[in-house]
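Data from input00.txt: compact mmCIF, C-alpha atoms and all ligand atoms
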# COMPACT_ATOMS: atom_id res chain seq x y z
CA CYS A 1 60.81 -55.93 76.49
CA GLY A 2 63.92 -56.10 74.34
CA SER A 3 66.97 -54.01 75.02
CA GLY A 4 66.43 -52.44 71.62
CA GLY A 5 63.93 -50.29 73.47
CA GLY A 6 60.77 -52.12 72.37
CA GLY A 7 57.98 -50.74 74.48
CA GLY A 8 54.91 -51.15 72.33
CA SER A 9 51.81 -52.70 73.85
CA ALA A 10 51.37 -55.30 71.13
CA GLY A 11 53.81 -58.12 70.62
CA LYS A 12 54.36 -58.58 74.36
CA GLY A 13 54.09 -62.09 75.63
CA SER A 14 52.65 -64.90 73.59
CA GLY A 15 49.62 -64.72 71.37
CA HIS A 16 50.21 -61.13 70.32
CA LYS A 17 51.27 -60.39 66.80
CA LEU A 18 54.31 -58.19 66.45
CA VAL A 19 53.20 -54.84 65.07
CA VAL A 20 55.49 -52.89 62.73
CA GLY A 21 54.78 -49.42 61.42
CA PHE A 22 56.42 -48.95 58.05
CA SER A 23 56.62 -45.60 56.30
CA GLN A 24 57.43 -46.02 52.62
CA VAL A 25 58.81 -43.23 50.41
CA GLY A 26 56.09 -43.56 47.76
CA ALA A 27 55.47 -45.44 44.55
CA GLU A 28 57.78 -43.40 42.34
CA SER A 29 59.57 -46.25 40.57
CA GLY A 30 59.51 -49.90 39.59
CA TRP A 31 62.16 -50.43 42.25
CA ARG A 32 59.91 -48.94 44.90
CA THR A 33 56.91 -51.05 43.88
CA ALA A 34 59.06 -54.19 44.15
CA ASN A 35 60.36 -53.04 47.55
CA THR A 36 56.83 -52.48 48.88
CA LYS A 37 55.68 -55.86 47.63
CA SER A 38 58.69 -57.57 49.19
CA ILE A 39 58.08 -55.95 52.59
CA GLN A 40 54.34 -56.69 52.55
CA GLU A 41 54.81 -60.32 51.52
CA SER A 42 57.61 -60.94 54.01
CA ALA A 43 55.54 -59.45 56.85
CA LYS A 44 52.71 -61.80 56.03
CA LYS A 45 55.04 -64.78 55.87
CA ALA A 46 56.63 -63.81 59.19
CA GLY A 47 53.26 -63.36 60.91
CA VAL A 48 53.97 -59.68 61.50
CA GLU A 49 51.17 -57.11 61.43
CA LEU A 50 52.33 -54.36 59.10
CA LYS A 51 50.91 -50.87 59.35
CA PHE A 52 51.89 -49.52 55.95
CA SER A 53 51.93 -45.85 55.06
CA ASP A 54 52.81 -44.32 51.67
CA ALA A 55 54.38 -40.85 52.02
CA GLN A 56 54.01 -39.88 48.36
CA GLN A 57 57.62 -38.66 48.39
CA LYS A 58 56.94 -36.05 51.07
CA GLN A 59 58.94 -35.85 54.27
CA GLU A 60 56.06 -34.19 56.14
CA ASN A 61 53.89 -37.24 55.42
CA GLN A 62 56.57 -39.55 56.76
CA ILE A 63 56.90 -37.51 59.93
CA LYS A 64 53.11 -37.66 60.39
CA ALA A 65 53.11 -41.42 59.81
CA ILE A 66 55.92 -41.96 62.35
CA ARG A 67 54.06 -39.85 64.93
CA SER A 68 50.94 -41.88 64.34
CA PHE A 69 52.91 -45.13 64.78
CA ILE A 70 54.23 -43.78 68.08
CA GLN A 71 50.69 -42.96 69.18
CA GLN A 72 49.53 -46.44 68.22
CA LYS A 73 52.39 -47.88 70.29
CA VAL A 74 53.66 -50.19 67.55
CA ASP A 75 56.49 -52.54 68.52
CA VAL A 76 58.98 -51.38 65.91
CA ILE A 77 59.07 -48.52 63.41
CA ALA A 78 60.79 -49.04 60.08
CA PHE A 79 61.10 -46.46 57.36
CA SER A 80 62.87 -45.50 54.20
CA PRO A 81 63.62 -41.78 54.61
CA VAL A 82 62.77 -39.75 51.51
CA VAL A 83 65.57 -37.26 52.26
CA GLU A 84 68.60 -37.52 54.54
CA SER A 85 68.17 -34.56 56.86
CA GLY A 86 65.55 -33.30 59.29
CA TRP A 87 64.72 -36.44 61.24
CA ASP A 88 66.19 -35.83 64.69
CA THR A 89 63.04 -34.44 66.35
CA VAL A 90 60.68 -37.22 65.33
CA LEU A 91 63.28 -39.94 65.92
CA LYS A 92 63.84 -38.53 69.39
CA GLU A 93 60.09 -38.82 69.99
CA ALA A 94 60.23 -42.51 69.02
CA LYS A 95 63.22 -43.04 71.30
CA ASP A 96 61.44 -41.35 74.21
CA ALA A 97 58.48 -43.69 73.61
CA HIS A 98 60.96 -46.64 73.69
CA ILE A 99 60.06 -47.73 70.17
CA PRO A 100 63.08 -48.95 68.22
CA VAL A 101 63.57 -47.61 64.71
CA ILE A 102 65.10 -49.49 61.78
CA LEU A 103 66.16 -47.63 58.64
CA THR A 104 65.63 -49.48 55.40
CA ASP A 105 66.98 -48.62 51.96
CA ARG A 106 67.98 -45.01 52.69
CA ALA A 107 70.01 -43.38 55.44
CA VAL A 108 69.52 -40.30 57.62
CA ASP A 109 72.30 -37.85 58.43
CA SER A 110 71.57 -37.67 62.18
CA LYS A 111 74.70 -37.33 64.27
CA ASP A 112 73.00 -39.12 67.17
CA GLU A 113 73.37 -42.79 66.34
CA SER A 114 71.16 -43.82 69.26
CA LEU A 115 68.13 -42.64 67.28
CA TYR A 116 67.98 -45.87 65.27
CA VAL A 117 69.10 -49.42 65.88
CA SER A 118 70.09 -50.55 62.41
CA PHE A 119 70.31 -49.52 58.77
CA LEU A 120 69.59 -52.13 56.12
CA GLY A 121 70.22 -51.20 52.48
CA SER A 122 72.55 -50.65 49.57
CA ASP A 123 75.83 -48.78 49.40
CA PHE A 124 74.79 -45.97 47.05
CA VAL A 125 78.28 -44.46 46.83
CA GLU A 126 79.53 -47.81 45.59
CA GLU A 127 76.72 -47.91 43.02
CA GLY A 128 77.71 -44.50 41.65
CA LYS A 129 81.30 -45.61 41.58
CA LYS A 130 80.42 -48.71 39.56
CA ALA A 131 78.65 -46.52 36.99
CA GLY A 132 81.68 -44.21 36.77
CA ASP A 133 84.15 -47.09 36.57
CA TRP A 134 82.21 -48.55 33.67
CA LEU A 135 82.36 -45.23 31.85
CA VAL A 136 86.10 -44.87 32.36
CA LYS A 137 86.67 -48.37 30.98
CA GLU A 138 84.27 -47.86 28.10
CA TYR A 139 86.15 -44.78 26.88
CA GLN A 140 89.65 -45.98 27.68
CA GLY A 141 92.09 -45.00 24.96
CA LYS A 142 89.43 -43.06 23.07
CA PRO A 143 90.45 -39.44 22.51
CA GLY A 144 88.18 -36.40 22.76
CA ASP A 145 85.82 -34.99 25.36
CA VAL A 146 82.90 -37.08 26.57
CA ASN A 147 79.89 -34.95 27.40
CA VAL A 148 77.76 -36.47 30.13
CA VAL A 149 74.28 -35.42 31.25
CA GLN A 150 73.10 -36.59 34.64
CA LEU A 151 69.55 -37.27 35.79
CA GLU A 152 69.68 -36.98 39.54
CA GLY A 153 67.33 -38.68 41.97
CA THR A 154 65.15 -36.84 44.50
CA THR A 155 67.00 -33.77 45.77
CA GLY A 156 68.40 -34.36 49.24
CA SER A 157 67.88 -38.13 49.17
CA ALA A 158 70.71 -40.46 50.08
CA PRO A 159 70.75 -42.27 46.73
CA ALA A 160 70.88 -38.98 44.79
CA ASN A 161 73.66 -37.56 46.96
CA ASP A 162 75.70 -40.74 47.05
CA ARG A 163 75.29 -41.89 43.45
CA LYS A 164 76.35 -38.43 42.33
CA SER A 165 79.44 -38.33 44.53
CA GLY A 166 80.44 -41.95 43.83
CA PHE A 167 80.27 -41.33 40.10
CA ALA A 168 82.13 -38.01 40.29
CA ASP A 169 84.86 -39.70 42.29
CA ALA A 170 85.29 -42.49 39.75
CA VAL A 171 85.65 -40.16 36.76
CA LYS A 172 87.57 -37.32 38.41
CA GLY A 173 90.96 -38.59 37.29
CA GLU A 174 89.98 -38.17 33.63
CA PRO A 175 89.32 -34.58 32.62
CA LYS A 176 87.81 -35.67 29.30
CA PHE A 177 84.57 -36.53 31.12
CA LYS A 178 82.51 -33.35 31.32
CA VAL A 179 79.20 -33.36 33.18
CA VAL A 180 77.61 -30.68 31.02
CA ALA A 181 74.16 -30.75 32.65
CA SER A 182 72.78 -32.27 35.84
CA GLN A 183 69.27 -31.96 37.17
CA THR A 184 66.79 -33.87 39.28
CA GLY A 185 64.21 -36.10 37.65
CA ASP A 186 62.85 -37.13 41.07
CA PHE A 187 63.33 -40.84 40.32
CA THR A 188 60.23 -40.91 38.07
CA ARG A 189 59.74 -41.82 34.43
CA ALA A 190 57.70 -38.69 33.66
CA LYS A 191 60.30 -36.32 35.12
CA GLY A 192 63.15 -38.27 33.53
CA LYS A 193 61.56 -37.73 30.15
CA GLU A 194 60.82 -34.06 30.77
CA VAL A 195 64.34 -33.22 31.96
CA MET A 196 65.96 -35.21 29.15
CA GLN A 197 63.87 -33.25 26.64
CA ALA A 198 65.27 -30.05 28.13
CA PHE A 199 68.84 -31.44 28.03
CA LEU A 200 68.41 -32.37 24.36
CA LYS A 201 67.31 -28.82 23.59
CA SER A 202 70.02 -27.05 25.58
CA GLN A 203 73.01 -29.32 24.88
CA PRO A 204 74.50 -29.38 21.39
CA LYS A 205 76.45 -32.59 22.05
CA ILE A 206 75.47 -35.34 24.48
CA ASP A 207 77.55 -38.52 24.48
CA VAL A 208 76.39 -40.21 27.66
CA LEU A 209 73.41 -40.17 29.99
CA TYR A 210 73.98 -41.19 33.60
CA ALA A 211 70.60 -41.77 35.27
CA HIS A 212 70.39 -42.33 39.04
CA ASN A 213 67.63 -44.88 38.46
CA ASP A 214 66.04 -46.97 35.73
CA ASP A 215 62.70 -45.21 35.65
CA MET A 216 64.35 -41.90 34.76
CA ALA A 217 66.49 -43.70 32.17
CA LEU A 218 63.37 -45.24 30.64
CA GLY A 219 61.65 -41.84 30.49
CA ALA A 220 64.79 -40.35 28.94
CA ILE A 221 64.85 -43.11 26.30
CA GLN A 222 61.42 -41.94 25.13
CA ALA A 223 62.69 -38.36 24.89
CA ILE A 224 65.78 -39.44 22.95
CA GLU A 225 63.73 -41.50 20.50
CA GLU A 226 61.24 -38.69 20.01
CA ALA A 227 64.19 -36.41 19.19
CA GLY A 228 65.12 -38.83 16.41
CA LYS A 229 68.20 -40.27 18.11
CA LYS A 230 69.09 -43.83 19.03
CA PRO A 231 69.38 -44.49 22.77
CA GLY A 232 72.32 -46.77 23.57
CA THR A 233 74.07 -45.82 20.31
CA ASP A 234 73.88 -42.06 19.68
CA ILE A 235 73.70 -41.48 23.40
CA ARG A 236 75.16 -44.19 25.63
CA ILE A 237 73.21 -44.83 28.82
CA VAL A 238 74.32 -46.02 32.23
CA SER A 239 71.71 -46.43 34.93
CA VAL A 240 71.06 -47.89 38.38
CA ASP A 241 68.51 -50.41 39.77
CA GLY A 242 68.27 -53.40 37.45
CA VAL A 243 64.49 -53.64 37.10
CA LYS A 244 62.89 -55.84 34.47
CA ASP A 245 61.81 -52.97 32.19
CA ALA A 246 65.40 -51.75 32.06
CA PHE A 247 66.63 -55.24 31.26
CA THR A 248 64.15 -55.35 28.38
CA ALA A 249 65.52 -52.02 27.15
CA MET A 250 69.03 -53.42 27.49
CA SER A 251 68.11 -56.47 25.44
CA GLN A 252 67.04 -53.98 22.74
CA GLY A 253 70.39 -52.17 22.97
CA LYS A 254 68.94 -49.03 24.55
CA ILE A 255 70.80 -49.11 27.89
CA ASN A 256 74.50 -49.96 27.94
CA TYR A 257 75.15 -50.74 31.59
CA ASP A 258 72.96 -51.16 34.67
CA VAL A 259 74.21 -51.16 38.25
CA GLU A 260 72.08 -53.32 40.50
CA CYS A 261 70.23 -52.02 43.56
CA ASN A 262 68.31 -54.78 45.28
CA PRO A 263 64.78 -53.88 46.44
CA LEU A 264 63.99 -57.27 47.96
CA LEU A 265 64.65 -56.28 51.57
CA GLY A 266 61.51 -57.77 53.14
CA ASP A 267 62.86 -61.01 54.61
CA GLN A 268 65.95 -59.35 56.08
CA LEU A 269 63.82 -56.59 57.56
CA MET A 270 61.42 -59.01 59.26
CA ASP A 271 64.36 -60.92 60.62
CA LEU A 272 65.80 -57.73 62.06
CA VAL A 273 62.44 -56.69 63.52
CA LYS A 274 62.12 -59.99 65.39
CA LYS A 275 65.67 -59.84 66.72
CA VAL A 276 65.30 -56.25 67.86
CA LYS A 277 62.05 -57.05 69.62
CA ALA A 278 63.61 -60.08 71.28
CA GLY A 279 66.38 -57.88 72.63
CA GLU A 280 69.08 -59.52 70.55
CA SER A 281 71.89 -57.36 69.31
CA VAL A 282 71.82 -56.55 65.60
CA PRO A 283 74.47 -55.06 63.29
CA ARG A 284 74.31 -51.26 62.96
CA ARG A 285 74.76 -51.54 59.23
CA ILE A 286 73.68 -54.34 56.87
CA LYS A 287 74.72 -53.84 53.26
CA THR A 288 72.85 -55.43 50.41
CA GLU A 289 74.88 -57.58 48.02
CA GLU A 290 74.58 -56.46 44.43
CA GLY A 291 76.22 -56.64 41.03
CA ALA A 292 76.04 -54.87 37.68
CA PHE A 293 74.85 -55.91 34.25
CA THR A 294 76.02 -55.63 30.68
CA PRO A 295 73.33 -55.96 27.98
CA GLU A 296 74.34 -59.60 27.43
CA GLN A 297 74.04 -60.40 31.13
CA ALA A 298 70.72 -58.54 31.42
CA THR A 299 69.30 -60.38 28.42
CA ALA A 300 70.28 -63.70 29.98
CA ALA A 301 68.83 -62.73 33.39
CA LEU A 302 65.58 -61.34 31.98
CA PRO A 303 63.43 -64.52 31.99
CA ASN A 304 64.02 -65.06 35.71
CA ARG A 305 64.11 -61.46 36.88
CA GLN A 306 61.67 -61.08 39.80
CA TYR A 307 61.04 -57.34 39.59
O1 LIG B 401 66.35 -45.58 47.37
C1 LIG B 401 66.43 -46.41 46.27
C2 LIG B 401 66.06 -45.68 45.04
O2 LIG B 401 64.77 -45.12 45.17
C3 LIG B 401 65.97 -46.50 43.77
O3 LIG B 401 67.13 -46.52 43.04
C4 LIG B 401 64.95 -45.75 43.01
O4 LIG B 401 64.47 -46.40 41.88
C5 LIG B 401 63.98 -45.46 44.06
O5 LIG B 401 63.00 -44.60 43.75

Output the file's structure as structure tokens, nothing else.
Amino acid sequence: CGSGGGGGSAGKGSGHKLVVGFSQVGAESGWRTANTKSIQESAKKAGVELKFSDAQQKQENQIKAIRSFIQQKVDVIAFSPVVESGWDTVLKEAKDAHIPVILTDRAVDSKDESLYVSFLGSDFVEEGKKAGDWLVKEYQGKPGDVNVVQLEGTTGSAPANDRKSGFADAVKGEPKFKVVASQTGDFTRAKGKEVMQAFLKSQPKIDVLYAHNDDMALGAIQAIEEAGKKPGTDIRIVSVDGVKDAFTAMSQGKINYDVECNPLLGDQLMDLVKKVKAGESVPRRIKTEEGAFTPEQATAALPNRQY
């Protein structure tokens, strides 16, 4: 067995397929669908047997799935934690069963770093910062307050926490930026629309929408249009992810800036899984490389966008 603690019954010796239990957050967004597809396709390509479980955005379902993977003695457990806290007990159970755990996409806030071997995913603070930096530049030299409404991701999730703090940090030097309303839209289109409708009713003046993901931005665009306003013009929009639907909206002038978050983690994850199982050392943290898009850049990238 590998020094990563691999103790599962399958995957030992030759002729056995490596078995990975993967607990996915859900299917809340276009990003998530692309992430699931990437992981499933890469597992197939790598000859890895993937036990896939969809938690429907509930931590209790993820904990159940992880326990079931432990019981099934999979070789490696990988998961994208829906929220940051509350994982120590179940991760300790995996450790006691000598099954290595890899975090993908989202982090946990466990103090005990021995509970997982690696974390593969984006730097969400950096993403929030890019959104804020864009805003600062966009309004440079323009006088007057800028009222911002924020659609937050799932409460307690790493991307919601980090994109909020990264953004706040980037704009804090300029008191003209006022976040006048901020609420969770749970990373979904439906909730994004619903919360934006409420913002439009309660806020007399909205200059900018900052959405923690594209699906919420796309839902909000519907709400803005139904209220008789022009998204991208009357209300400027900055979002995160870079999915195809958002690029289409950008090509129509409805989103002004999109910070990329790459969901295509499958190949890197399978690579990690194999290394961990082989007892090779792996980096504790692997950050995804990503950029950001203006409407012109998004329009140009649209024909070849994979997700
Ligand atoms: O954890 C990544 C985030 O989760 C993506 O930005 C969002 O679209 C997804 O639901």

TODO: Up to 6 Å from (76.1, -39.3, 37.0) in the file's coordinates: name the residues, counting all atoms listed in the file, as a count of residues only.
DONE: 4

Open item on the list: Ranking A:Val19, A:Ala217, A:Ala223, A:Ala300 by minimum distance to ligand LIG 401 (chain B) and counting only C-alpha atoms and all ligand atoms, which one comes first?
Closed with: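 For ligand LIG 401 (chain B), the nearest of the given residues is A:Ala217.
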
At most 6 Å is the cut-off: for each residue in chain A with any atom that close to an atom of ligand LIG 401 (chain B), write down the nearest atom pair and the distance in Å rounded to one decimal, counting only C-alpha atoms and all ligand atoms, chain first then increasing number, as a tab-separated table.
residue	atom	partner	partner_atom	distance
A:Glu28	CA	B:LIG401	O5	5.5
A:Ser29	CA	B:LIG401	O5	5.0
A:Trp31	CA	B:LIG401	O4	4.7
A:Arg32	CA	B:LIG401	C5	5.4
A:Asp105	CA	B:LIG401	O1	5.5
A:Arg106	CA	B:LIG401	O1	5.6
A:Pro159	CA	B:LIG401	O1	5.5
A:Phe187	CA	B:LIG401	O5	5.1
A:Asn213	CA	B:LIG401	O3	4.9
A:Asp241	CA	B:LIG401	O3	5.3

TODO: Please provide as a ChimeraX atom specification all residues within 9 Å of range 111-126 of chain A, with the sequence filter that same-chain residues fewer than 4 positions apart are discarded (counting only C-alpha atoms).
DONE: /A:4,88,91-92,94-95,100-107,130-131,158-167,261-263,265,268-269,272,276,282-290

Task: CA of Lys244 in chain A to CA of Lys129 in chain A, straight-line distance in Å - done: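 It comes out at 22.2 Å.
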
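A straight line drawn from CA of Lys58 in chain A to CA of Val82 in chain A is 6.9 Å long.
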
TODO: Give me, please, the distance in Å between CA of Gln183 in chain A and CA of Gly141 in chain A, quoted to one decimal.
DONE: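 If I compute the distance from CA of Gln183 in chain A to CA of Gly141 in chain A, I get 29.0 Å.
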
Task: Nearby residues (all atoms listed in the file) at most 12 Å from Gln306 in chain A, same-chain spacing under 5 positions excluded, as a ChimeraX atom specification - done: /A:30-31,33-35,37-38,242-245,247,262-264,301

TODO: Point out the residue among A:Gly232, A:Gly266, A:Gly253, A:Gly153 with the least atom-to-atom distance to Asp214 in chain A, counting all atoms listed in the file.
DONE: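 Checking each candidate against Asp214 in chain A, we get A:Gly153 as the closest.
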
Around all the atoms of range 53-62 of chain A listed in the file, draw an axis-aligned box and extend it by 3 Å on each of the six sides; I want its centre and edge lengths in Å to one decimal, as AutoDock Vina command-line options.
--center_x 55.4 --center_y -40.0 --center_z 52.6 --size_x 13.0 --size_y 17.7 --size_z 14.4

Open item on the list: Please determine, counting all atoms listed in the file, which residue among A:Glu127, A:Met216, A:Ser42, A:Lys205 has the shortest atom-to-atom distance to Ala292 in chain A.
Closed with: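 Of all the options, A:Glu127 lies closest to Ala292 in chain A.
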
TODO: Would you kindly return, as a list in words, each protein, DNA or RNA residue with an atom no farther than 7 Å from any atom of range 174-179 of chain A, considering only C-alpha atoms and excluding same-chain residues fewer than 6 positions away?
DONE: Gly144, Asp145, Val146, Asn147, Val148 and Val149 of chain A

Open item on the list: Please return as an MDAnalysis selection string every residue within 12 Å of (64.8, -30.9, 57.3), taking into account all atoms listed in the file and the file's own coordinates.
Closed with: chainID A and resid 58:60 62:63 81:90 108:110 156:157

Open item on the list: With distances taken over all atoms listed in the file, which residue among A:Ile77, A:Val208, A:Ile66, A:Ile39 lies nearest Lys277 in chain A?
Closed with: A:Ile77
